[in-house]
Amino acid sequence: MAEATRKAPKAQVDPIFQWQGTNRQGRRLKGEQSGISLSAVKADLRRQGITPIKVKKKPKDLFAPRKPAIKPADIAIFSRMLATMMSSGVPLMQSMQIIGEGHENASMQDMILAIKADVESGTSLTDSLGKFPIHFDDLYLSLINAGEQSGTLETLLNEIATYKEKTEALKSKIKKAMVYPASILVVAFIVTAILMIFVIPQFESLFTGFGAELPALTQFVINMSIVFQEKWWLIFGVLIGSVVAITQAKKRSRKVQQFLDRFLLKMPVIGAVIEKGAIARYARTFSTMFKAGVPMVEAMTSVAGATGNIVFSDATLIMRDDVATGTQLNVAMRSSELFPNMPIQMVAIGEESGALDSMLAKIADFYEAEVDDAVDNMTALMEPLIMVFLGGLIGTLVVAMYLPIFKMGAVV
């Protein structure tokens, strides 16, 4: 199964070439032709009886409208629609035609119809989907391949659709938990910067004529305002540059990714949400693949990539090696020191009773509900904290600006 997945070629959109040439009558012609390379286009032109004179790749139009991107949610909807239609007795080709023509996303339309044409030409659905590796990962392809090999494609498509819907819902909840506090910090910084650059200088010019020594808090705020006025471009540049640098470093460096993922797991509140989310994805993916008949050791490779956290991913790969040598899964999970006692005990019961897939599904349901509750509780807790934080920040700046005026009033 995995071998069939690996053999699937990557999808490529052939570039467009502009050409000029002469036909057999010597008439000069020009046009556009798609092809995998310059030499392939020239060879195709010659087969058409055209002698190429000039062939070059068509430059990209910077102002041409771009097609919308394909999101994971689109793949989840496609999977559910395909599973529903096939379960209703609609043949695969007709189902893909209906879904492709009716999809709102133009990029999804093109991809679905391209997959349909490929399958019609005799390619298996697994290999056709494998030509789009960005959207259909090894896990997806392994399940489709299992369905094709066992003749249970309709059943497996329904499992895939459920899996994609649940994992996307879980991802959305975890993203909400991460984005919410970050967005508040961004808003607080922008409000502070506006006050420092535009409001505080008005008070500074007023205090200059007093000729008296300002309170320490007021002087500190004015000094900060001067820094913001003179170095605002540097402050914003450093902050934006730091975010971009960390994001790129995480993508390119495994060590940076390990450090950040470990750091996030140790953070209060957010760390617990991420940990529960990783366990839920681990259990959901494992359950889906095991139910599809994928061997445990082979399934764990895909499970490692689906956890969403490199700490859990690395631990799962170590566990896979342990299981391959005969260690029970629950023992390997305990050795990783990442899983709480409850999922380990449930996996042990599942292994003893021969119902590991259903036990893993129950673990996934439990931790998905835990993530949902944790995000709701965090949101409810943070709302008053945010009001206190922003109120305290702005209140401190206001008090700092009015302290000298209050002191003058007291003297008078």
# chains A, B, ... in the order shown; residues from 1 in each chain; ligands from 1
>>> closest_atom_pairs(of="region 278-319 of chain A", to="region 162-171 of chain A", cutoff="12 Å", atoms="only C-alpha atoms", output="tab-separated table")
residue	atom	partner	partner_atom	distance
A:Ala278	CA	A:Leu170	CA	9.6
A:Ile279	CA	A:Leu170	CA	11.2
A:Ala280	CA	A:Leu170	CA	8.4
A:Arg281	CA	A:Thr167	CA	6.7
A:Tyr282	CA	A:Thr167	CA	10.2
A:Ala283	CA	A:Thr167	CA	10.9
A:Arg284	CA	A:Tyr163	CA	7.1
A:Thr285	CA	A:Tyr163	CA	7.3
A:Phe286	CA	A:Tyr163	CA	10.5
A:Ser287	CA	A:Tyr163	CA	9.5
A:Thr288	CA	A:Tyr163	CA	7.0
A:Met289	CA	A:Tyr163	CA	9.9
A:Lys291	CA	A:Tyr163	CA	11.7
A:Ala292	CA	A:Tyr163	CA	12.0
A:Ala306	CA	A:Thr167	CA	9.2
A:Thr307	CA	A:Thr167	CA	10.0
A:Gly308	CA	A:Lys171	CA	9.0
A:Asn309	CA	A:Lys171	CA	11.9
>>> residues_around(residues="Met196 (chain A)", least_positions_apart="5", cutoff="12 Å", atoms="only C-alpha atoms", output="VMD selection string")
chain A and resid 189 to 191 201 to 204 220 to 232 394 397 to 398 401
>>> atom_distance(atom1="CA of Phe17 (chain A)", atom2="CA of Ser34 (chain A)")
5.9 Å
>>> residues_around(residues="Arg334 (chain A)", least_positions_apart="5", cutoff="10 Å", atoms="only C-alpha atoms", output="PyMOL selection string")
chain A and resi 319+329+339-341+343-345
>>> atom_distance(atom1="CA of Ala69 (chain A)", atom2="CA of Ala106 (chain A)")
8.9 Å
>>> residues_around(residues="Gly293 (chain A)", least_positions_apart="5", cutoff="12 Å", atoms="only C-alpha atoms", output="list in words")
Met1, Ser142, Leu143, Ile144, Asn145, Ala146, Gly147, Gln149, Ser150, Thr152, Leu156, Phe286, Ser287, Thr288, Glu298, Ala299, Leu356 and Asp357 of chain A
>>> write_last_selection(atoms="N, CA and C atoms", output="mmCIF file, in the first residue's frame")
data_model
loop_
_atom_site.group_PDB
_atom_site.id
_atom_site.type_symbol
_atom_site.label_atom_id
_atom_site.label_comp_id
_atom_site.auth_asym_id
_atom_site.auth_seq_id
_atom_site.Cartn_x
_atom_site.Cartn_y
_atom_site.Cartn_z
ATOM 1 N N MET A 1 0.809 -1.204 0.000
ATOM 2 C CA MET A 1 0.000 0.000 0.000
ATOM 3 C C MET A 1 0.842 1.253 0.000
ATOM 4 N N SER A 142 -3.158 5.997 1.478
ATOM 5 C CA SER A 142 -3.128 4.644 2.036
ATOM 6 C C SER A 142 -4.539 4.110 2.249
ATOM 7 N N LEU A 143 -5.433 4.967 2.736
ATOM 8 C CA LEU A 143 -6.813 4.550 2.973
ATOM 9 C C LEU A 143 -7.549 4.299 1.659
ATOM 10 N N ILE A 144 -7.340 5.167 0.676
ATOM 11 C CA ILE A 144 -7.962 4.967 -0.635
ATOM 12 C C ILE A 144 -7.450 3.670 -1.269
ATOM 13 N N ASN A 145 -6.142 3.446 -1.156
ATOM 14 C CA ASN A 145 -5.546 2.234 -1.715
ATOM 15 C C ASN A 145 -6.111 0.986 -1.040
ATOM 16 N N ALA A 146 -6.279 1.060 0.296
ATOM 17 C CA ALA A 146 -6.864 -0.069 1.023
ATOM 18 C C ALA A 146 -8.287 -0.340 0.545
ATOM 19 N N GLY A 147 -9.057 0.736 0.294
ATOM 20 C CA GLY A 147 -10.423 0.582 -0.197
ATOM 21 C C GLY A 147 -10.480 -0.025 -1.581
ATOM 22 N N GLN A 149 -8.132 -1.952 -2.964
ATOM 23 C CA GLN A 149 -7.635 -3.327 -2.926
ATOM 24 C C GLN A 149 -8.665 -4.292 -2.338
ATOM 25 N N SER A 150 -9.435 -3.819 -1.347
ATOM 26 C CA SER A 150 -10.380 -4.706 -0.667
ATOM 27 C C SER A 150 -11.793 -4.623 -1.230
ATOM 28 N N THR A 152 -13.810 -2.098 -0.838
ATOM 29 C CA THR A 152 -14.669 -1.384 0.127
ATOM 30 C C THR A 152 -14.439 0.118 0.035
ATOM 31 N N LEU A 156 -14.592 3.062 2.981
ATOM 32 C CA LEU A 156 -13.373 3.792 3.350
ATOM 33 C C LEU A 156 -13.500 5.283 3.071
ATOM 34 N N PHE A 286 -4.933 6.917 14.087
ATOM 35 C CA PHE A 286 -4.624 5.512 14.332
ATOM 36 C C PHE A 286 -5.886 4.655 14.176
ATOM 37 N N SER A 287 -6.989 5.116 14.769
ATOM 38 C CA SER A 287 -8.248 4.384 14.707
ATOM 39 C C SER A 287 -8.733 4.229 13.267
ATOM 40 N N THR A 288 -8.668 5.317 12.505
ATOM 41 C CA THR A 288 -9.147 5.290 11.123
ATOM 42 C C THR A 288 -8.325 4.320 10.274
ATOM 43 N N GLU A 298 2.932 0.068 9.789
ATOM 44 C CA GLU A 298 2.808 0.954 8.626
ATOM 45 C C GLU A 298 1.937 2.155 8.953
ATOM 46 N N ALA A 299 0.862 1.931 9.717
ATOM 47 C CA ALA A 299 -0.047 3.015 10.082
ATOM 48 C C ALA A 299 0.644 4.064 10.935
ATOM 49 N N LEU A 356 -8.974 -2.645 19.399
ATOM 50 C CA LEU A 356 -8.094 -1.478 19.517
ATOM 51 C C LEU A 356 -8.635 -0.282 18.746
ATOM 52 N N ASP A 357 -9.215 -0.514 17.544
ATOM 53 C CA ASP A 357 -9.693 0.610 16.735
ATOM 54 C C ASP A 357 -10.826 1.363 17.436
#
>>> select_by_dssp(residues="region 189-285 of chain A", states="alpha helix (DSSP H)", output="MDAnalysis selection string")
chainID A and resid 189:194 200:208 216:252 254:266 270:285
>>> closest_atom_pairs(of="region 296-391 of chain A", to="region 262-275 of chain A", cutoff="8 Å", atoms="only C-alpha atoms", output="tab-separated table")
residue	atom	partner	partner_atom	distance
A:Val311	CA	A:Arg262	CA	6.7
A:Val371	CA	A:Val273	CA	5.7
A:Ala374	CA	A:Val273	CA	6.5
A:Val375	CA	A:Val273	CA	7.3
A:Met378	CA	A:Val269	CA	7.4
